[in-house]
Amino acid sequence: MKKMILPLILIMALFVAIKSSNASDKGRQYYEEAGQILWEINTEEKVIALTFDDGPHRKYTAEILDILEEYDASATFFVVGAHAEKNPDLVLRMFDEGHEIANHTYTHKRRMRTSELIREIRKTHETIHAITGNQTNLFRPVEGIYTDEQVEAVSKEGYKLVMWSWHLDTLDWKNPGVNRIVNKVTDGAREGNVVLFHDGGGNRHQTVEALKQILPEFKRRGYKFVTISDLMVIKENHQHEKQVELDNQNKKD
């Protein structure tokens, strides 16, 4: 019996260690209220943020930029530093055409220690700045995985974590079919939502083809495609308006 207890204790200790090192104990509400992580915003304005991870890719990022330009749509690209170094012209094109460039680590390695993660963020930050002359302060963790310790460390670096609307992960990296990607977005996207696409990391032909249907459809509905920073400004304006209303109400009382 004693021989069985020790292995069980070791297994449980290992499980706890893995859980504590790879998961957040604080929920979405905590981080939204703290202003450290953005998933989406509450607004009645007809705006949607398109985001693209894992690029830039020589072929697919260029094609996506062409489509965005055709429909006068802005987007946010969470670039991998190593890919940005290989494709500086695409990064510069993103910047010149008014898109937002954000940080998605340097190597796209999964589940890094906090110290390693910060080194990668800094390296990608320097890469983006060297190419564009611009500073970025938005970061998306690989596969959306983060720990509480990492959120604090990233915040100290001056970065805000950006996730996506939970119902709008297109799963385009699985190549589920153009129609499934299109339907996921056209059926689900609402005001203030953040959509997750990928422009790198594999064959993104389906993403490109889906965008050719998604963008004109939302234009027809009267929506505007904005950057993450645009969403943040809208959120701040709403908060300011609510505070003014509250202050005026208190004065009346």
# chains A, B, ... in the order shown; residues from 1 in each chain; ligands from 1
$ select_by_dssp --residues "range 13-248 of chain A" --states "helix (DSSP H, G or I)" --output "JSON, numbers by chain"
{"A": [13, 14, 15, 16, 17, 18, 19, 20, 21, 22, 28, 29, 30, 31, 32, 33, 34, 60, 61, 62, 63, 64, 65, 66, 67, 68, 69, 70, 81, 82, 83, 84, 85, 86, 88, 89, 90, 91, 92, 93, 94, 95, 96, 114, 115, 116, 117, 118, 119, 120, 121, 122, 123, 124, 125, 126, 127, 128, 129, 130, 131, 132, 142, 143, 144, 148, 149, 150, 151, 152, 153, 154, 155, 156, 166, 167, 168, 172, 173, 174, 178, 179, 180, 181, 182, 183, 184, 185, 186, 187, 188, 205, 206, 207, 208, 209, 210, 211, 212, 213, 214, 215, 216, 217, 218, 219, 220, 228, 229, 230, 231, 232, 233, 234, 235, 236, 237, 238, 239, 240, 241, 242, 243, 244, 245, 246, 247, 248]}
$ closest_atom_pairs --of "range 72-178 of chain A" --to "range 230-239 of chain A" --cutoff "12 Å" --atoms "only C-alpha atoms" --output "JSON lines"
{"residue": "A:Ser74", "atom": "CA", "partner": "A:Asp230", "partner_atom": "CA", "distance": 9.7}
{"residue": "A:Ala75", "atom": "CA", "partner": "A:Asp230", "partner_atom": "CA", "distance": 10.0}
{"residue": "A:Thr76", "atom": "CA", "partner": "A:Asp230", "partner_atom": "CA", "distance": 10.1}
{"residue": "A:Gly98", "atom": "CA", "partner": "A:Asp230", "partner_atom": "CA", "distance": 11.6}
{"residue": "A:His99", "atom": "CA", "partner": "A:Asp230", "partner_atom": "CA", "distance": 10.7}
{"residue": "A:Glu100", "atom": "CA", "partner": "A:Asp230", "partner_atom": "CA", "distance": 9.6}
{"residue": "A:Leu138", "atom": "CA", "partner": "A:Met232", "partner_atom": "CA", "distance": 11.1}
{"residue": "A:Lys160", "atom": "CA", "partner": "A:Met232", "partner_atom": "CA", "distance": 10.6}
{"residue": "A:Val162", "atom": "CA", "partner": "A:Met232", "partner_atom": "CA", "distance": 10.6}
$ select_by_dssp --residues "range 180-240 of chain A" --states "strand (DSSP E or B)" --output "PyMOL selection string"
chain A and resi 194-198+224-226
$ closest_atom_pairs --of "range 148-174 of chain A" --to "range 37-55 of chain A" --cutoff "8 Å" --atoms "only C-alpha atoms" --output "Markdown table"
| residue | atom | partner | partner_atom | distance |
| --- | --- | --- | --- | --- |
| A:Lys160 | CA | A:Ile37 | CA | 6.0 |
| A:Leu161 | CA | A:Ile37 | CA | 4.6 |
| A:Val162 | CA | A:Leu38 | CA | 4.9 |
| A:Met163 | CA | A:Trp39 | CA | 4.9 |
| A:Trp164 | CA | A:Trp39 | CA | 4.7 |
| A:Ser165 | CA | A:Trp39 | CA | 5.4 |
| A:Trp166 | CA | A:Trp39 | CA | 7.8 |
$ closest_residue --among "A:Thr170, A:Thr105, A:Gln150, A:Thr124" --to "Lys184 in chain A" --atoms "only C-alpha atoms"
A:Thr170
$ residues_around --residues "range 204-209 of chain A" --least-positions-apart "2" --cutoff "10 Å" --atoms "only C-alpha atoms" --output "MDAnalysis selection string"
chainID A and resid 57 59:67 170:182 197:202 211:214
$ closest_residue --among "A:Glu143, A:Asp187, A:Glu70, A:Asp169" --to "His108 in chain A" --atoms "only C-alpha atoms"
A:Glu143
$ atom_distance --atom1 "CA of Arg58 in chain A" --atom2 "CA of Ala130 in chain A"
19.2 Å
$ closest_residue --among "A:Tyr31, A:Phe95, A:Phe218, A:Phe78" --to "Val142 in chain A" --atoms "only C-alpha atoms"
A:Phe78
$ atom_distance --atom1 "CA of Ala153 in chain A" --atom2 "CA of Pro56 in chain A"
25.9 Å
$ closest_residue --among "A:Arg221, A:Arg190, A:Lys109, A:Arg93" --to "Thr132 in chain A" --atoms "only C-alpha atoms"
A:Arg93
$ closest_residue --among "A:Ile118, A:Phe225, A:His83, A:Pro88" --to "Leu68 in chain A" --atoms "only C-alpha atoms"
A:Phe225
$ atom_distance --atom1 "CA of His167 in chain A" --atom2 "CA of Lys242 in chain A"
27.4 Å
$ decode --residues "range 138-234 of chain A" --atoms "C-alpha atoms" --output "mmCIF file, in the first residue's frame"
data_model
loop_
_atom_site.group_PDB
_atom_site.id
_atom_site.type_symbol
_atom_site.label_atom_id
_atom_site.label_comp_id
_atom_site.auth_asym_id
_atom_site.auth_seq_id
_atom_site.Cartn_x
_atom_site.Cartn_y
_atom_site.Cartn_z
ATOM 1 C CA LEU A 138 -0.247 44.907 -27.954
ATOM 2 C CA PHE A 139 0.591 41.242 -27.373
ATOM 3 C CA ARG A 140 -1.227 37.996 -28.073
ATOM 4 C CA PRO A 141 0.109 34.830 -26.418
ATOM 5 C CA VAL A 142 0.684 31.731 -28.524
ATOM 6 C CA GLU A 143 -2.552 29.690 -28.683
ATOM 7 C CA GLY A 144 -4.065 32.188 -26.244
ATOM 8 C CA ILE A 145 -2.340 30.487 -23.304
ATOM 9 C CA TYR A 146 -1.082 32.606 -20.421
ATOM 10 C CA THR A 147 -0.471 32.471 -16.675
ATOM 11 C CA ASP A 148 -1.227 35.121 -14.080
ATOM 12 C CA GLU A 149 2.506 35.625 -13.636
ATOM 13 C CA GLN A 150 2.919 36.226 -17.356
ATOM 14 C CA VAL A 151 0.071 38.731 -17.485
ATOM 15 C CA GLU A 152 1.746 40.755 -14.742
ATOM 16 C CA ALA A 153 5.161 40.535 -16.414
ATOM 17 C CA VAL A 154 3.776 41.534 -19.814
ATOM 18 C CA SER A 155 1.878 44.438 -18.247
ATOM 19 C CA LYS A 156 5.097 45.679 -16.626
ATOM 20 C CA GLU A 157 6.628 45.717 -20.117
ATOM 21 C CA GLY A 158 3.928 48.209 -21.088
ATOM 22 C CA TYR A 159 1.925 45.692 -23.099
ATOM 23 C CA LYS A 160 -1.767 44.869 -23.128
ATOM 24 C CA LEU A 161 -2.807 41.291 -23.857
ATOM 25 C CA VAL A 162 -5.313 40.842 -26.656
ATOM 26 C CA MET A 163 -7.396 37.707 -27.067
ATOM 27 C CA TRP A 164 -10.477 37.366 -29.298
ATOM 28 C CA SER A 165 -14.228 36.911 -29.048
ATOM 29 C CA TRP A 166 -14.638 33.328 -27.875
ATOM 30 C CA HIS A 167 -17.206 32.508 -30.536
ATOM 31 C CA LEU A 168 -15.093 33.963 -33.350
ATOM 32 C CA ASP A 169 -12.059 31.709 -33.463
ATOM 33 C CA THR A 170 -12.390 30.763 -37.133
ATOM 34 C CA LEU A 171 -10.136 27.705 -36.703
ATOM 35 C CA ASP A 172 -8.874 28.532 -40.178
ATOM 36 C CA TRP A 173 -5.556 26.879 -39.314
ATOM 37 C CA LYS A 174 -7.406 23.557 -39.515
ATOM 38 C CA ASN A 175 -8.553 24.340 -43.078
ATOM 39 C CA PRO A 176 -12.190 23.519 -42.233
ATOM 40 C CA GLY A 177 -13.473 24.746 -45.603
ATOM 41 C CA VAL A 178 -14.130 28.225 -46.943
ATOM 42 C CA ASN A 179 -17.874 28.088 -46.269
ATOM 43 C CA ARG A 180 -17.393 27.121 -42.625
ATOM 44 C CA ILE A 181 -15.033 30.038 -42.076
ATOM 45 C CA VAL A 182 -17.415 32.432 -43.819
ATOM 46 C CA ASN A 183 -20.468 31.203 -41.910
ATOM 47 C CA LYS A 184 -18.690 31.325 -38.555
ATOM 48 C CA VAL A 185 -18.004 35.035 -39.039
ATOM 49 C CA THR A 186 -21.091 36.204 -40.922
ATOM 50 C CA ASP A 187 -23.442 34.365 -38.544
ATOM 51 C CA GLY A 188 -21.614 35.211 -35.334
ATOM 52 C CA ALA A 189 -19.858 38.575 -35.524
ATOM 53 C CA ARG A 190 -21.502 41.502 -33.766
ATOM 54 C CA GLU A 191 -20.623 45.069 -32.809
ATOM 55 C CA GLY A 192 -17.313 45.300 -30.958
ATOM 56 C CA ASN A 193 -16.229 41.719 -31.654
ATOM 57 C CA VAL A 194 -12.674 40.551 -32.364
ATOM 58 C CA VAL A 195 -12.216 37.870 -35.038
ATOM 59 C CA LEU A 196 -9.245 35.491 -35.060
ATOM 60 C CA PHE A 197 -7.673 34.513 -38.391
ATOM 61 C CA HIS A 198 -4.199 33.306 -39.343
ATOM 62 C CA ASP A 199 -2.097 34.652 -42.200
ATOM 63 C CA GLY A 200 0.903 32.407 -41.485
ATOM 64 C CA GLY A 201 1.820 29.019 -40.094
ATOM 65 C CA GLY A 202 0.572 26.931 -43.009
ATOM 66 C CA ASN A 203 -1.639 26.932 -46.074
ATOM 67 C CA ARG A 204 -3.981 29.905 -45.684
ATOM 68 C CA HIS A 205 -5.710 29.740 -49.065
ATOM 69 C CA GLN A 206 -9.066 29.127 -47.362
ATOM 70 C CA THR A 207 -8.607 32.213 -45.199
ATOM 71 C CA VAL A 208 -7.908 34.336 -48.255
ATOM 72 C CA GLU A 209 -10.958 33.013 -50.107
ATOM 73 C CA ALA A 210 -13.192 33.425 -47.050
ATOM 74 C CA LEU A 211 -12.183 37.063 -46.656
ATOM 75 C CA LYS A 212 -13.305 37.724 -50.226
ATOM 76 C CA GLN A 213 -16.845 36.914 -49.053
ATOM 77 C CA ILE A 214 -16.741 38.183 -45.468
ATOM 78 C CA LEU A 215 -15.554 41.722 -46.150
ATOM 79 C CA PRO A 216 -18.128 42.701 -48.777
ATOM 80 C CA GLU A 217 -20.922 41.137 -46.717
ATOM 81 C CA PHE A 218 -20.136 43.227 -43.647
ATOM 82 C CA LYS A 219 -19.621 46.311 -45.756
ATOM 83 C CA ARG A 220 -23.126 45.708 -47.102
ATOM 84 C CA ARG A 221 -24.408 45.544 -43.516
ATOM 85 C CA GLY A 222 -22.827 48.892 -42.744
ATOM 86 C CA TYR A 223 -19.935 47.696 -40.604
ATOM 87 C CA LYS A 224 -16.482 49.210 -40.414
ATOM 88 C CA PHE A 225 -13.342 47.126 -39.881
ATOM 89 C CA VAL A 226 -11.064 48.719 -37.293
ATOM 90 C CA THR A 227 -7.829 47.996 -35.448
ATOM 91 C CA ILE A 228 -7.585 46.808 -31.858
ATOM 92 C CA SER A 229 -6.382 50.252 -30.809
ATOM 93 C CA ASP A 230 -9.478 51.745 -32.459
ATOM 94 C CA LEU A 231 -11.639 49.421 -30.351
ATOM 95 C CA MET A 232 -9.780 50.486 -27.227
ATOM 96 C CA VAL A 233 -10.434 54.160 -27.997
ATOM 97 C CA ILE A 234 -14.140 53.450 -28.481
#
